[in-house]
Amino acid sequence: MVFDLFSPRLFRPPAEADSMIVRVAQGCPHNTCVFCGMYKGVAYRPAPLEQMLRQVRKAVRGEPDARRVFLADGDVMALEFAALRDVLAALNAGLPELTRVSVYANGSSILAKTDEQLTELRTLKLHTLYMGLETGDDSILREMEKSEVVSDMVEAGRRAQACGLRMSVMVLLGLGGQQRSETHAAATAEAINRMQPRLLSVLRLVPTENTPLWRRIKAGTFTPVTEYEAVCELRRLIAGLELQSTVFRANHVSNVLPLEGRLPRDKAGLLALLDGLLNSDTLDRNSPGVTPLWL
Ligand code: SF4
């Protein structure tokens, strides 16, 4: 069930499909990334605390047996610590069966909280932080105008996990374009290895029409990878991963071949599947291929 204070389209991770959704802020406090169309044209607006708490009370009355909650919108971790703590406390007080609360979280917002604050939020059942690392290459992040640096995101992920939170990290295949595909894959694997997130999701960049990146593609200043190159990039990324215990997913509809497994256990099997695909001569070597219809 969705409990919403605002009207623009609401986004949540696919894994939160069965969670109760409570929107406590509108939009993304950063909203600069040129590839992201989620909140373009939507002003960032956190609700006043009293309004957030009223919304939480309404939500717990509406779904009193909810076990999982996702707080929306973008980077809810950017809320003041006291506001996040009070919202979580109200959810705990109203939902006796609550097991976990999850949010989108940028690296800078996690780093703005102390270890003591992160631990207190975890005690209040904050559980999974969904972070868009996107790439492990700072020059690509700058070009994509994402206001984060790789070392901070890695540090944020490591600190959050040390405080008991679970990191679910997303990376974007194709974000370096044709020119920097290899660098993007190698640097991303290195950053992920340093962070050791418990969940890793690989999505493929699918430019959307209302974004600056779309206009760069039309102007010829950014060349997307072909379908074949996207699979090569994914293979390079997986080959470079040295993970201790991570659930790996590349099963979003944007991916050429849906894949999932556990790393390190399934690494060789995933690489074999990708090798089979690369040798099959079925991939488009001249263009990104067919765009999923709903994107
Ligand atoms: S990618 Fe994340 S941080 Fe960037 S604009 Fe979109 S929601 Fe905001």
# chains A, B, ... in the order shown; residues from 1 in each chain; ligands from 1
>>> residues_near_ligand(ligand="ligand 1", cutoff="8 Å", atoms="only C-alpha atoms and all ligand atoms", output="ChimeraX atom specification")
/A:27-40,74-75,106,132,146-147
>>> select_by_dssp(residues="segment 67-223 of chain A", states="helix (DSSP H, G or I)", output="ChimeraX atom specification")
/A:76-78,81-94,107-111,115-123,138-143,150-162,181-195,212-219
>>> residues_around(residues="segment 176-182 of chain A", least_positions_apart="5", cutoff="8 Å", atoms="only C-alpha atoms", output="PyMOL selection string")
chain A and resi 140+222-226+229+233+236
>>> residues_around(residues="segment 51-65 of chain A", least_positions_apart="5", cutoff="7 Å", atoms="only C-alpha atoms", output="list in words")
Phe3, Val24, Val87, Ala90, Leu91, Gly94, Leu95 and Glu97 of chain A
>>> residues_around(residues="Pro197 of chain A", least_positions_apart="3", cutoff="8 Å", atoms="only C-alpha atoms", output="count of residues only")
10
>>> atom_distance(atom1="atom CA of Gly41 of chain A", atom2="atom CA of Ala78 of chain A")
19.5 Å
>>> residues_around(residues="Pro46 of chain A", least_positions_apart="3", cutoff="8 Å", atoms="only C-alpha atoms", output="PyMOL selection string")
chain A and resi 24-26+79
>>> residues_around(residues="Ala185 of chain A", least_positions_apart="3", cutoff="10 Å", atoms="only C-alpha atoms", output="VMD selection string")
chain A and resid 135 to 137 171 to 176 180 to 182 188 to 190 232 to 241
>>> closest_residue(among="A:Ala15, A:Ala191, A:Leu203, A:Leu263", to="Asn251 of chain A", atoms="only C-alpha atoms")
A:Leu203
>>> atom_distance(atom1="atom CA of Asp138 of chain A", atom2="atom CA of Ile110 of chain A")
18.6 Å
>>> select_by_dssp(residues="segment 68-294 of chain A", states="strand (DSSP E or B)", output="number ranges by chain")
A: 68-72, 100-104, 126-134, 166-173, 199-204, 246-250, 259-263
>>> closest_residue(among="A:Leu271, A:Val154, A:Ala47, A:Leu84", to="Leu133 of chain A", atoms="only C-alpha atoms")
A:Val154
>>> closest_residue(among="A:Thr119, A:Leu243, A:Leu259, A:Glu227", to="Leu278 of chain A", atoms="only C-alpha atoms")
A:Glu227
>>> atom_distance(atom1="atom CA of Lys113 of chain A", atom2="atom CA of Gln244 of chain A")
26.4 Å
